[in-house]
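The file coords_30.cif comes next; it holds mmCIF, C-alpha atoms.
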data_my_file
loop_
_atom_site.label_atom_id
_atom_site.label_comp_id
_atom_site.auth_asym_id
_atom_site.auth_seq_id
_atom_site.Cartn_x
_atom_site.Cartn_y
_atom_site.Cartn_z
CA MET A 258 16.24 11.22 -4.77
CA GLY A 259 19.02 12.98 -2.88
CA SER A 260 20.58 16.35 -3.61
CA GLU A 261 23.67 14.75 -5.14
CA MET A 262 21.62 12.97 -7.78
CA LEU A 263 19.81 16.22 -8.48
CA LEU A 264 23.15 17.93 -9.04
CA GLN A 265 24.22 15.13 -11.37
CA TYR A 266 21.00 15.54 -13.30
CA MET A 267 21.49 19.30 -13.57
CA TRP A 268 25.06 18.83 -14.76
CA GLU A 269 24.12 16.20 -17.34
CA TYR A 270 21.36 18.37 -18.83
CA ARG A 271 23.21 21.68 -18.36
CA LEU A 272 20.53 23.20 -16.15
CA TRP A 273 22.42 26.07 -14.61
CA ASP A 274 22.83 29.80 -14.88
CA ASP A 275 25.89 30.41 -17.09
CA SER A 276 26.27 33.99 -15.86
CA ARG A 277 26.99 32.73 -12.34
CA CYS A 278 29.32 29.88 -13.34
CA LEU A 279 32.52 30.65 -11.38
CA THR A 280 35.01 28.54 -9.46
CA THR A 281 35.32 29.24 -5.75
CA ASP A 282 38.52 31.21 -6.49
CA GLY A 283 36.68 33.44 -8.99
CA ARG A 284 37.61 31.97 -12.40
CA PRO A 285 34.82 31.79 -15.01
CA VAL A 286 33.72 28.30 -16.07
CA ARG A 287 32.38 27.54 -19.56
CA VAL A 288 31.29 23.96 -20.25
CA ILE A 289 31.90 22.77 -23.81
CA ASP A 290 30.89 19.16 -23.07
CA PRO A 291 29.66 17.94 -19.63
CA GLY A 292 30.99 14.45 -20.36
CA LEU A 293 29.42 11.00 -20.24
CA ARG A 294 27.52 9.85 -17.16
CA ASN A 295 29.30 7.05 -15.28
CA THR A 296 27.10 4.64 -13.29
CA ALA A 297 30.00 2.43 -12.16
CA ASP A 298 32.89 3.16 -9.80
CA GLY A 299 34.97 6.26 -10.42
CA PRO A 300 34.18 9.90 -11.20
CA ASP A 301 30.59 10.79 -12.07
CA PHE A 302 31.29 12.08 -15.60
CA PHE A 303 34.01 11.02 -18.03
CA ASN A 304 35.69 12.98 -20.83
CA ALA A 305 34.28 16.43 -20.11
CA LYS A 306 35.68 19.51 -21.91
CA ILE A 307 35.62 22.68 -19.84
CA TYR A 308 37.16 26.15 -20.05
CA ILE A 309 38.33 27.25 -16.61
CA GLY A 310 39.48 30.80 -17.00
CA ASP A 311 41.12 30.97 -20.42
CA ARG A 312 42.42 27.40 -20.37
CA LEU A 313 40.63 24.37 -21.90
CA TRP A 314 40.65 21.24 -19.72
CA ALA A 315 39.71 17.70 -20.75
CA GLY A 316 39.04 15.12 -18.09
CA ASN A 317 36.53 13.92 -15.53
CA VAL A 318 34.02 15.65 -13.24
CA GLU A 319 33.00 14.63 -9.72
CA ILE A 320 29.81 15.90 -8.06
CA HIS A 321 28.91 16.04 -4.36
CA THR A 322 26.35 17.74 -2.18
CA ARG A 323 29.10 18.98 0.15
CA ALA A 324 32.75 19.40 -0.70
CA THR A 325 33.69 17.40 2.41
CA ASP A 326 32.03 14.36 0.80
CA TRP A 327 35.24 14.14 -1.27
CA HIS A 328 37.11 13.09 1.87
CA ARG A 329 34.20 11.15 3.38
CA HIS A 330 34.02 8.98 0.25
CA GLY A 331 37.78 8.39 0.27
CA HIS A 332 38.54 10.11 -3.03
CA ASP A 333 41.57 11.93 -1.62
CA GLY A 334 43.48 8.63 -1.56
CA ASP A 335 42.03 7.08 -4.71
CA ARG A 336 44.16 7.39 -7.87
CA ALA A 337 41.03 6.94 -10.02
CA TYR A 338 40.22 10.55 -9.14
CA ASP A 339 43.57 11.99 -10.28
CA THR A 340 41.93 12.93 -13.60
CA VAL A 341 39.16 15.03 -12.06
CA ILE A 342 39.31 18.53 -13.57
CA LEU A 343 36.33 20.03 -11.75
CA HIS A 344 34.56 19.33 -8.47
CA VAL A 345 30.90 20.46 -8.57
CA VAL A 346 29.13 20.96 -5.23
CA ALA A 347 26.12 22.58 -3.62
CA ASP A 348 28.03 23.54 -0.48
CA SER A 349 31.73 24.43 -0.63
CA ASP A 350 32.67 23.63 2.97
CA CYS A 351 36.30 22.77 2.17
CA HIS A 352 38.89 22.70 -0.63
CA VAL A 353 39.98 19.43 -2.26
CA SER A 354 43.16 18.29 -3.97
CA ARG A 355 44.66 15.32 -5.75
CA PRO A 356 47.02 12.88 -3.99
CA ASP A 357 49.99 14.88 -5.38
CA GLY A 358 48.69 17.98 -3.57
CA SER A 359 47.53 19.92 -6.64
CA ALA A 360 44.26 21.77 -6.05
CA ILE A 361 41.11 20.74 -7.93
CA PRO A 362 38.98 23.64 -9.16
CA GLN A 363 35.63 23.72 -7.41
CA LEU A 364 32.30 25.06 -8.68
CA ILE A 365 29.22 25.76 -6.59
CA MET A 366 26.30 24.76 -8.81
CA PRO A 367 24.50 28.03 -9.65
CA TYR A 368 20.82 27.34 -8.99
CA VAL A 369 17.95 29.47 -10.12
CA PRO A 370 16.88 30.70 -6.66
CA ASP A 371 13.88 28.46 -5.94
CA PHE A 372 14.70 25.51 -8.22
CA ARG A 373 15.92 23.20 -5.46
CA GLU A 374 12.94 24.12 -3.29
CA ARG A 375 10.54 23.25 -6.10
CA TYR A 376 12.33 19.97 -6.70
CA LEU A 377 12.19 19.05 -3.01
CA ALA A 378 8.54 20.01 -2.84
CA MET A 379 7.85 17.60 -5.69
CA VAL A 380 9.82 14.61 -4.42
CA ASN A 381 8.68 15.07 -0.81
CA ASN A 382 5.06 15.41 -1.79
CA THR A 383 2.79 13.35 0.51
CA ALA A 384 -0.55 14.34 -1.00
CA HIS A 385 -2.63 11.87 -2.98
CA THR A 386 -2.44 14.11 -6.04
CA PRO A 387 0.66 14.09 -8.28
CA ALA A 388 3.47 16.34 -7.10
CA CYS A 389 3.25 18.26 -10.37
CA ALA A 390 -0.55 18.57 -10.38
CA ARG A 391 -0.57 22.34 -10.85
CA GLU A 392 1.84 22.14 -13.78
CA ILE A 393 -0.02 19.29 -15.50
CA GLU A 394 -3.24 21.26 -15.59
CA ALA A 395 -1.50 24.03 -17.54
CA LEU A 396 0.45 21.74 -19.89
CA PRO A 397 -0.69 21.27 -23.52
CA SER A 398 -2.39 17.88 -23.75
CA ILE A 399 -0.08 16.68 -26.55
CA HIS A 400 2.82 16.40 -24.10
CA VAL A 401 0.77 14.28 -21.69
CA THR A 402 -0.56 12.10 -24.52
CA GLU A 403 2.92 11.42 -25.92
CA TRP A 404 4.26 10.41 -22.51
CA LEU A 405 1.28 8.17 -21.73
CA THR A 406 1.67 6.46 -25.09
CA ALA A 407 5.31 5.66 -24.31
CA LEU A 408 4.38 4.48 -20.82
CA GLY A 409 1.60 2.25 -22.13
CA PHE A 410 4.09 0.41 -24.32
CA ASP A 411 6.66 0.34 -21.49
CA ARG A 412 4.15 -1.51 -19.32
CA LEU A 413 3.24 -3.90 -22.12
CA TYR A 414 6.93 -4.62 -22.85
CA ALA A 415 7.57 -5.29 -19.15
CA LYS A 416 4.84 -7.93 -19.19
CA VAL A 417 6.28 -9.41 -22.37
CA GLU A 418 9.70 -9.68 -20.71
CA ARG A 419 8.15 -11.57 -17.79
CA ILE A 420 6.35 -13.90 -20.20
CA ASP A 421 9.66 -14.50 -22.03
CA ARG A 422 11.24 -15.56 -18.72
CA TRP A 423 8.41 -18.02 -18.12
CA LEU A 424 8.72 -19.26 -21.70
CA GLU A 425 12.42 -19.94 -21.18
CA ALA A 426 11.72 -21.75 -17.89
CA ASN A 427 9.10 -23.86 -19.72
CA ASP A 428 11.51 -24.79 -22.53
CA GLY A 429 9.54 -22.84 -25.12
CA ASP A 430 6.16 -24.39 -24.23
CA TRP A 431 3.59 -21.65 -24.94
CA GLN A 432 0.69 -23.57 -23.42
CA ALA A 433 2.51 -24.02 -20.10
CA THR A 434 3.53 -20.36 -20.21
CA ALA A 435 -0.05 -19.26 -20.86
CA TYR A 436 -1.12 -21.31 -17.84
CA VAL A 437 1.28 -19.43 -15.54
CA ALA A 438 0.32 -16.06 -17.05
CA LEU A 439 -3.38 -16.71 -16.66
CA ALA A 440 -2.97 -18.01 -13.12
CA ARG A 441 -1.06 -14.89 -12.12
CA ALA A 442 -3.74 -12.67 -13.64
CA LEU A 443 -6.42 -14.55 -11.69
CA GLY A 444 -4.78 -13.23 -8.54
CA PHE A 445 -6.09 -9.80 -9.61
CA GLY A 446 -3.16 -7.91 -8.13
CA THR A 447 -3.85 -8.69 -4.49
CA ASN A 448 -2.93 -12.38 -4.81
CA SER A 449 -1.01 -12.39 -8.10
CA ASP A 450 2.29 -13.58 -6.61
CA ALA A 451 0.58 -16.40 -4.73
CA PHE A 452 -1.28 -17.57 -7.84
CA GLU A 453 1.91 -17.51 -9.89
CA ARG A 454 3.67 -19.65 -7.29
CA LEU A 455 0.71 -22.03 -7.30
CA ALA A 456 0.93 -22.51 -11.07
CA ARG A 457 4.68 -22.99 -10.98
CA SER A 458 4.39 -25.59 -8.21
CA MET A 459 1.68 -27.61 -9.96
CA PRO A 460 2.83 -28.13 -13.57
CA LEU A 461 0.30 -28.02 -16.37
CA ARG A 462 1.48 -31.39 -17.72
CA ILE A 463 0.24 -33.09 -14.54
CA LEU A 464 -3.09 -31.31 -14.54
CA LEU A 465 -3.73 -32.21 -18.18
CA LYS A 466 -3.46 -35.90 -17.30
CA HIS A 467 -6.57 -35.40 -15.15
CA ARG A 468 -8.45 -32.91 -17.30
CA ASP A 469 -11.51 -35.19 -17.50
CA ASP A 470 -11.87 -35.34 -13.70
CA ILE A 471 -12.83 -32.04 -12.06
CA HIS A 472 -12.41 -33.60 -8.63
CA MET A 473 -8.76 -34.48 -9.28
CA LEU A 474 -8.06 -31.00 -10.64
CA GLU A 475 -9.54 -29.54 -7.47
CA ALA A 476 -7.49 -31.87 -5.29
CA ALA A 477 -4.28 -30.94 -7.11
CA LEU A 478 -4.71 -27.17 -7.04
CA TYR A 479 -6.39 -26.67 -3.67
CA GLY A 480 -3.93 -29.09 -2.11
CA ARG A 481 -0.94 -27.36 -3.64
CA ALA A 482 -2.28 -24.00 -2.49
CA GLY A 483 -2.48 -25.27 1.09
CA LEU A 484 -6.23 -24.64 1.19
CA LEU A 485 -7.08 -28.21 2.22
CA ASP A 486 -5.18 -27.83 5.49
CA ILE A 487 -8.07 -26.60 7.59
CA ASP A 488 -9.56 -27.87 10.86
CA LEU A 489 -12.52 -30.14 10.20
CA ASP A 490 -14.15 -28.75 13.34
CA ASP A 491 -14.61 -25.55 11.33
CA VAL A 492 -16.60 -27.44 8.68
CA THR A 493 -19.97 -28.12 10.28
CA ASP A 494 -21.85 -29.51 7.28
CA PRO A 495 -21.19 -33.30 6.96
CA ASP A 496 -21.35 -33.13 3.16
CA ASP A 497 -18.71 -30.39 3.12
CA ALA A 498 -16.49 -32.35 5.51
CA TYR A 499 -16.79 -35.49 3.34
CA TYR A 500 -15.95 -33.48 0.22
CA LEU A 501 -12.88 -32.03 1.90
CA GLU A 502 -11.69 -35.45 3.08
CA ARG A 503 -11.99 -36.87 -0.45
CA LEU A 504 -9.93 -34.00 -1.85
CA ARG A 505 -7.24 -34.57 0.80
CA ALA A 506 -7.01 -38.24 -0.07
CA ASP A 507 -6.78 -37.51 -3.79
CA TYR A 508 -4.12 -34.87 -3.20
CA ARG A 509 -2.00 -37.36 -1.26
CA PHE A 510 -2.39 -39.77 -4.20
CA ILE A 511 -1.29 -37.10 -6.71
CA CYS A 512 1.76 -36.15 -4.64
CA ALA A 513 2.81 -39.79 -4.37
CA LYS A 514 2.14 -40.59 -8.05
CA TYR A 515 4.14 -37.63 -9.36
CA SER A 516 6.73 -37.44 -6.56
CA LEU A 517 5.75 -33.89 -5.69
CA ALA A 518 7.83 -32.45 -2.88
CA PRO A 519 5.95 -30.67 -0.08
CA VAL A 520 5.60 -26.91 -0.50
CA GLU A 521 4.95 -24.18 1.99
CA ALA A 522 1.31 -23.10 2.12
CA LEU A 523 0.67 -20.01 0.06
CA GLN A 524 -0.31 -16.81 1.82
CA PHE A 525 -3.47 -15.40 0.30
CA ARG A 526 -4.73 -11.97 1.25
CA THR A 527 -8.29 -11.68 2.45
CA THR A 528 -10.77 -10.54 -0.18
CA ARG A 529 -14.54 -10.34 -0.48
CA PRO A 530 -16.27 -13.67 -1.26
CA ALA A 531 -16.57 -13.02 -5.00
CA ASN A 532 -12.78 -12.67 -5.21
CA ALA A 533 -11.93 -15.38 -2.70
CA PRO A 534 -8.92 -17.48 -3.84
CA HIS A 535 -11.07 -20.63 -3.77
CA ARG A 536 -13.38 -19.11 -6.37
CA ARG A 537 -10.50 -17.91 -8.53
CA ILE A 538 -8.89 -21.34 -8.46
CA ALA A 539 -12.29 -22.77 -9.42
CA ALA A 540 -12.28 -20.47 -12.47
CA LEU A 541 -8.81 -21.77 -13.40
CA ILE A 542 -10.10 -25.34 -13.05
CA ALA A 543 -12.98 -24.51 -15.38
CA LEU A 544 -10.42 -23.37 -17.96
CA LEU A 545 -8.35 -26.53 -17.48
CA SER A 546 -11.25 -28.95 -17.80
CA ASP A 547 -11.29 -28.71 -21.61
CA GLY A 548 -7.59 -29.51 -21.88
CA PHE A 549 -6.69 -25.84 -21.43
CA SER A 550 -7.55 -24.92 -24.98
CA PHE A 551 -6.82 -21.30 -24.09
CA GLY A 552 -3.12 -22.16 -24.24
CA ARG A 553 -3.55 -22.98 -27.92
CA ARG A 554 -6.17 -20.38 -28.84
CA PHE A 555 -4.74 -17.14 -27.49
CA SER A 556 -2.41 -16.62 -30.46
CA HIS A 557 -5.38 -16.72 -32.88
CA ILE A 558 -7.57 -14.21 -31.07
CA ASP A 559 -8.53 -11.38 -33.41
CA SER A 560 -11.16 -9.46 -31.47
CA GLU A 561 -12.42 -8.64 -28.00
CA ARG A 562 -15.54 -10.70 -28.69
CA SER A 563 -13.59 -13.86 -29.50
CA ALA A 564 -11.38 -13.31 -26.44
CA ARG A 565 -14.34 -12.93 -24.09
CA ALA A 566 -15.94 -16.09 -25.46
CA ILE A 567 -13.05 -18.15 -24.05
CA PHE A 568 -13.98 -17.09 -20.52
CA ASP A 569 -17.71 -17.77 -20.77
CA LEU A 570 -17.49 -20.61 -18.27
CA ARG A 571 -19.49 -22.19 -15.46
CA LEU A 572 -17.98 -22.82 -12.05
CA PRO A 573 -17.42 -26.42 -10.94
CA ALA A 574 -20.55 -27.64 -9.10
CA TYR A 575 -19.30 -27.28 -5.52
CA TRP A 576 -18.23 -23.67 -6.03
CA ILE A 577 -21.52 -22.42 -7.41
CA ASP A 578 -22.77 -21.88 -3.85
CA HIS A 579 -19.47 -21.91 -1.87
CA TYR A 580 -16.60 -19.42 -1.60
CA GLY A 581 -14.57 -21.65 0.73
CA PHE A 582 -14.77 -25.12 2.19
CA GLY A 583 -17.84 -25.12 4.40
CA ARG A 584 -18.52 -21.47 3.54
CA ARG A 585 -21.73 -21.00 1.61
CA SER A 586 -22.69 -18.07 -0.58
CA ALA A 587 -25.45 -17.02 -2.90
CA SER A 588 -25.47 -19.13 -6.06
CA VAL A 589 -23.25 -17.91 -8.90
CA ASN A 590 -23.08 -19.84 -12.15
CA ARG A 591 -20.59 -17.83 -14.18
CA ALA A 592 -16.98 -18.43 -13.28
CA LEU A 593 -16.01 -14.83 -14.03
CA SER A 594 -17.83 -11.50 -14.15
CA ALA A 595 -17.55 -9.21 -17.15
CA ASP A 596 -15.20 -6.90 -15.21
CA SER A 597 -13.03 -9.88 -14.20
CA VAL A 598 -12.78 -10.97 -17.82
CA THR A 599 -11.72 -7.44 -18.80
CA SER A 600 -8.95 -7.62 -16.22
CA LEU A 601 -7.79 -10.98 -17.59
CA LEU A 602 -7.73 -9.59 -21.12
CA ILE A 603 -5.58 -6.66 -20.00
CA ASN A 604 -3.19 -8.60 -17.78
CA ALA A 605 -2.91 -12.02 -19.44
CA VAL A 606 -4.46 -12.36 -22.89
CA ILE A 607 -3.10 -9.19 -24.50
CA PRO A 608 0.43 -9.55 -23.07
CA LEU A 609 0.50 -13.18 -24.25
CA MET A 610 -0.65 -12.15 -27.73
CA TYR A 611 1.96 -9.40 -27.88
CA ALA A 612 4.74 -11.68 -26.63
CA TYR A 613 3.79 -14.28 -29.23
CA GLY A 614 3.75 -11.63 -31.95
CA VAL A 615 7.18 -10.33 -30.89
CA ASN A 616 8.71 -13.82 -30.76
CA TYR A 617 7.42 -14.82 -34.17
CA GLY A 618 7.36 -11.45 -35.92
CA ASN A 619 3.60 -11.77 -36.35
CA GLU A 620 2.35 -8.27 -37.16
CA ARG A 621 -1.30 -9.35 -37.22
CA THR A 622 -1.14 -10.57 -33.64
CA LEU A 623 0.78 -7.47 -32.51
CA ASP A 624 -1.79 -5.15 -34.08
CA ALA A 625 -4.72 -7.15 -32.69
CA ALA A 626 -3.26 -6.98 -29.18
CA VAL A 627 -2.75 -3.20 -29.23
CA ASP A 628 -6.11 -2.57 -30.92
CA MET A 629 -7.87 -4.56 -28.21
CA LEU A 630 -6.06 -2.69 -25.43
CA GLN A 631 -7.07 0.61 -27.02
CA THR A 632 -10.75 -0.36 -27.30
CA LEU A 633 -11.27 -2.03 -23.91
CA PRO A 634 -12.84 0.18 -21.23
CA PRO A 635 -10.35 1.75 -18.80
CA GLU A 636 -9.68 0.28 -15.40
CA THR A 637 -11.16 2.13 -12.46
CA ASN A 638 -8.88 2.26 -9.45
CA PHE A 639 -7.28 4.77 -7.12
CA ILE A 640 -4.48 5.45 -9.63
CA THR A 641 -6.76 6.34 -12.52
CA ARG A 642 -8.89 8.44 -10.18
CA ILE A 643 -5.78 10.39 -9.11
CA PHE A 644 -4.83 11.35 -12.66
CA LYS A 645 -8.38 11.97 -13.78
CA GLY A 646 -8.64 14.30 -10.79
CA VAL A 647 -6.01 16.59 -12.31
CA GLY A 648 -7.68 16.64 -15.70
CA ILE A 649 -5.98 13.77 -17.56
CA LYS A 650 -8.53 11.88 -19.63
CA CYS A 651 -8.61 8.07 -19.51
CA PRO A 652 -10.63 6.80 -22.48
CA ASP A 653 -9.37 3.21 -22.66
CA ALA A 654 -7.41 0.41 -21.04
CA PHE A 655 -4.19 1.37 -22.82
CA THR A 656 -4.32 4.75 -21.08
CA SER A 657 -5.23 3.29 -17.69
CA GLN A 658 -2.27 0.91 -17.96
CA ALA A 659 -0.05 3.88 -18.81
CA MET A 660 -1.32 5.67 -15.71
CA VAL A 661 -0.46 2.65 -13.57
CA GLU A 662 3.05 2.64 -15.06
CA LEU A 663 3.44 6.37 -14.44
CA HIS A 664 2.33 6.07 -10.83
CA ASN A 665 4.31 2.92 -9.97
CA SER A 666 7.56 3.69 -11.78
CA TYR A 667 7.79 7.45 -11.32
CA CYS A 668 5.30 9.15 -8.98
CA SER A 669 5.42 6.69 -6.08
CA GLN A 670 9.20 6.33 -6.50
CA ARG A 671 9.61 10.14 -6.49
CA LYS A 672 11.57 9.89 -9.74
CA CYS A 673 10.30 13.23 -10.96
CA ILE A 674 13.44 14.12 -12.88
CA TYR A 675 13.24 10.89 -14.90
CA CYS A 676 9.60 11.48 -15.81
CA ARG A 677 9.14 13.40 -19.05
CA LEU A 678 6.57 15.67 -17.42
CA GLY A 679 8.60 16.25 -14.27
CA ARG A 680 11.72 16.89 -16.35
CA ARG A 681 9.85 19.44 -18.45
CA PHE A 682 8.62 21.31 -15.37
CA LEU A 683 11.94 21.19 -13.52
CA THR A 684 13.93 22.18 -16.60
CA ALA A 685 11.71 25.21 -17.08
CA LYS A 686 12.22 26.15 -13.45
CA ALA A 687 16.01 25.58 -13.60
CA MET A 688 16.33 27.75 -16.69
CA GLY A 689 14.16 30.46 -15.19
CA LEU A 690 11.46 30.02 -17.85
CA GLU A 691 8.57 30.10 -15.39
CA SER A 692 7.62 32.31 -12.54
#
This entry written out as structure tokens:
Amino acid sequence: MGSEMLLQYMWEYRLWDDSRCLTTDGRPVRVIDPGLRNTADGPDFFNAKIYIGDRLWAGNVEIHTRATDWHRHGHDGDRAYDTVILHVVADSDCHVSRPDGSAIPQLIMPYVPDFRERYLAMVNNTAHTPACAREIEALPSIHVTEWLTALGFDRLYAKVERIDRWLEANDGDWQATAYVALARALGFGTNSDAFERLARSMPLRILLKHRDDIHMLEAALYGRAGLLDIDLDDVTDPDDAYYLERLRADYRFICAKYSLAPVEALQFRTTRPANAPHRRIAALIALLSDGFSFGRRFSHIDSERSARAIFDLRLPAYWIDHYGFGRRSASVNRALSADSVTSLLINAVIPLMYAYGVNYGNERTLDAAVDMLQTLPPETNFITRIFKGVGIKCPDAFTSQAMVELHNSYCSQRKCIYCRLGRRFLTAKAMGLES
């Protein structure tokens, strides 16, 4: 965030030293109302009320890092700025006036001496620890807990909004929407976008027509993912080569039967064999082979145990000892590990339950979704390790999701002044309440 946005933030929240509030020509400034923030074209704040000297002014306020930005931005010839009653700057390197030549009072924002330096140190932080690590350690835990609770729901609501978009695209079909949500979650972050595109390019209605034939489901999904387009010279086992050729033929049949237009091959990121996209697609096929009952059952889940039971599946035969075509591995019967199921509960099942509860006003489903998120074990990743490293406890998946939201939406974006914790620390510094 640039200095101008910092000044806007300080003005909006009145974070300045009143005793040093003077215009550049020496008149005292007393702000009765800083005005309403404007995010569109025109002055930064509307309808402010300000005493300049002994006269009360009502009008708009414009804020710049340097006074010369007034001219650089073309305000000197813009009639929308005729109503500006005060120009607030960090550096008064010129005087400004309205098109009629009348001077606009100018105020140099009175910082507490090291406030800007502390702000810049936070937003320019390159360490792996949070920019406010030292402040967090000294903060009463209630403030951290309140913010993480809000962030946990923010992340859940964001997932609900995405599900609502899928639901609209699927004409209100919850089963088709659950299919896309589950496919995306099977990408486990690294390949989530690719798995979502796969599901959207191979509609559930087509797959359900072939639910009794694992081979056809494999042909449809591996073909649509572009994973059948490999050089047969790389497949040395004759049985593997024959299997691949059969899938190719069946995929051509499916495309012709359902008039499926060609799609660009999906780009999957390399992962270890257990997380290889072929294996994850095989897990999706296992879920589809019973008619995708998950799409009908998710709204009736009432416990973690009943949710996990849905994913107690065996891999299709070929994938028990393969992680790619012609690529053998140690035998694995279960389609998904316990940790993988936990991830699916967090990223697909619970958001689907919550979205369903919101859409139908079903309090039971809403409560069951949140209860499950608050009893599941926390995720372990670099983000949770960062926050745990500065003393923030992470007892459950709700908290780990909140930490992910905090890191992705605030810390990594350097939006310290929009974070409740960062705002608390910076406000204290701006008001001179800390050393």
Q | Result set, the PyMOL selection byres ((chain A and resi 436) around 10) on current file, as a PyMOL selection string | A | chain A and resi 431-435+437-442+453+456-457+460-461+541+544-545+549+551-552+605
*Name all residues at most 9 Å from region 365-382 of chain A (count only C-alpha atoms; drop same-chain ones fewer than 4 positions away) and give them as a ChimeraX atom specification.*
/A:258,260,263-264,267-268,272-281,344-349,386-389,668,670-674,679,683,686-689
With C-alpha atoms retained, could you export that selection as a PDB file, keeping the file's coordinate frame?
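Result file is again15.pdb:
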ATOM      1  CA  MET A 258      16.240  11.220  -4.770  1.00  0.00           C
ATOM      2  CA  SER A 260      20.580  16.350  -3.610  1.00  0.00           C
ATOM      3  CA  LEU A 263      19.810  16.220  -8.480  1.00  0.00           C
ATOM      4  CA  LEU A 264      23.150  17.930  -9.040  1.00  0.00           C
ATOM      5  CA  MET A 267      21.490  19.300 -13.570  1.00  0.00           C
ATOM      6  CA  TRP A 268      25.060  18.830 -14.760  1.00  0.00           C
ATOM      7  CA  LEU A 272      20.530  23.200 -16.150  1.00  0.00           C
ATOM      8  CA  TRP A 273      22.420  26.070 -14.610  1.00  0.00           C
ATOM      9  CA  ASP A 274      22.830  29.800 -14.880  1.00  0.00           C
ATOM     10  CA  ASP A 275      25.890  30.410 -17.090  1.00  0.00           C
ATOM     11  CA  SER A 276      26.270  33.990 -15.860  1.00  0.00           C
ATOM     12  CA  ARG A 277      26.990  32.730 -12.340  1.00  0.00           C
ATOM     13  CA  CYS A 278      29.320  29.880 -13.340  1.00  0.00           C
ATOM     14  CA  LEU A 279      32.520  30.650 -11.380  1.00  0.00           C
ATOM     15  CA  THR A 280      35.010  28.540  -9.460  1.00  0.00           C
ATOM     16  CA  THR A 281      35.320  29.240  -5.750  1.00  0.00           C
ATOM     17  CA  HIS A 344      34.560  19.330  -8.470  1.00  0.00           C
ATOM     18  CA  VAL A 345      30.900  20.460  -8.570  1.00  0.00           C
ATOM     19  CA  VAL A 346      29.130  20.960  -5.230  1.00  0.00           C
ATOM     20  CA  ALA A 347      26.120  22.580  -3.620  1.00  0.00           C
ATOM     21  CA  ASP A 348      28.030  23.540  -0.480  1.00  0.00           C
ATOM     22  CA  SER A 349      31.730  24.430  -0.630  1.00  0.00           C
ATOM     23  CA  THR A 386      -2.440  14.110  -6.040  1.00  0.00           C
ATOM     24  CA  PRO A 387       0.660  14.090  -8.280  1.00  0.00           C
ATOM     25  CA  ALA A 388       3.470  16.340  -7.100  1.00  0.00           C
ATOM     26  CA  CYS A 389       3.250  18.260 -10.370  1.00  0.00           C
ATOM     27  CA  CYS A 668       5.300   9.150  -8.980  1.00  0.00           C
ATOM     28  CA  GLN A 670       9.200   6.330  -6.500  1.00  0.00           C
ATOM     29  CA  ARG A 671       9.610  10.140  -6.490  1.00  0.00           C
ATOM     30  CA  LYS A 672      11.570   9.890  -9.740  1.00  0.00           C
ATOM     31  CA  CYS A 673      10.300  13.230 -10.960  1.00  0.00           C
ATOM     32  CA  ILE A 674      13.440  14.120 -12.880  1.00  0.00           C
ATOM     33  CA  GLY A 679       8.600  16.250 -14.270  1.00  0.00           C
ATOM     34  CA  LEU A 683      11.940  21.190 -13.520  1.00  0.00           C
ATOM     35  CA  LYS A 686      12.220  26.150 -13.450  1.00  0.00           C
ATOM     36  CA  ALA A 687      16.010  25.580 -13.600  1.00  0.00           C
ATOM     37  CA  MET A 688      16.330  27.750 -16.690  1.00  0.00           C
ATOM     38  CA  GLY A 689      14.160  30.460 -15.190  1.00  0.00           C
TER      39      GLY A 689
END
Got a sec: who's within 9 Å of Val417 (chain A), counting only C-alpha atoms, leaving out chain neighbours fewer than 4 positions off, as a short mmCIF file (atom, residue, chain, number, x, y, z; two decimals) with C-alpha atoms, in the frame of the given file?
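Output file result_28.cif follows:
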data_model
loop_
_atom_site.label_atom_id
_atom_site.label_comp_id
_atom_site.auth_asym_id
_atom_site.auth_seq_id
_atom_site.Cartn_x
_atom_site.Cartn_y
_atom_site.Cartn_z
CA ARG A 412 4.15 -1.51 -19.32
CA LEU A 413 3.24 -3.90 -22.12
CA ASP A 421 9.66 -14.50 -22.03
CA ARG A 422 11.24 -15.56 -18.72
CA PRO A 608 0.43 -9.55 -23.07
CA LEU A 609 0.50 -13.18 -24.25
CA TYR A 611 1.96 -9.40 -27.88
CA ALA A 612 4.74 -11.68 -26.63
CA TYR A 613 3.79 -14.28 -29.23
CA VAL A 615 7.18 -10.33 -30.89
#
* To do: For Ala315 (chain A), please output as a ChimeraX atom specification all residues within 12 Å (counting all atoms listed in the file; exclusion window: fewer than 3 positions along the same chain).
  => /A:288-292,302-309,312,318,340-343
Original post:
Any idea what's packed within 12 Å of region 445-449 of chain A, counting all atoms listed in the file, ignoring anything in its chain fewer than 4 positions away? Could you give it as a PyMOL selection string?
Top reply: chain A and resi 437-441+453-456+482+523-529+531-535+537-538+593+596-605+638
What are the centre and the three edge lengths of an axis-aligned box that wraps all atoms of region 559-567 of chain A in the file, given that 3 Å is added to every side, written as AutoDock Vina command-line options and rounded to one decimal in Å?
--center_x -12.2 --center_y -13.4 --center_z -28.7 --size_x 13.4 --size_y 15.5 --size_z 15.4
inquiry  = Neighbouring residues of region 500-514 of chain A were defined as those with any atom within 6 Å, considering all atoms listed in the file; residues of the same chain fewer than 4 positions away were excluded. Please report them as a PyMOL selection string.
reply    = chain A and resi 476-477+480
Store the residues of this selection in a file with C-alpha atoms, as a CSV table (one decimal), keeping the file's coordinate frame.
chain,number,residue,atom,x,y,z
A,476,ALA,CA,-7.5,-31.9,-5.3
A,477,ALA,CA,-4.3,-30.9,-7.1
A,480,GLY,CA,-3.9,-29.1,-2.1
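Nearest residue to Ile643 (chain A) among A:Ala390, A:Thr325, A:Leu364, A:Ala498 is A:Ala390, counting only C-alpha atoms.
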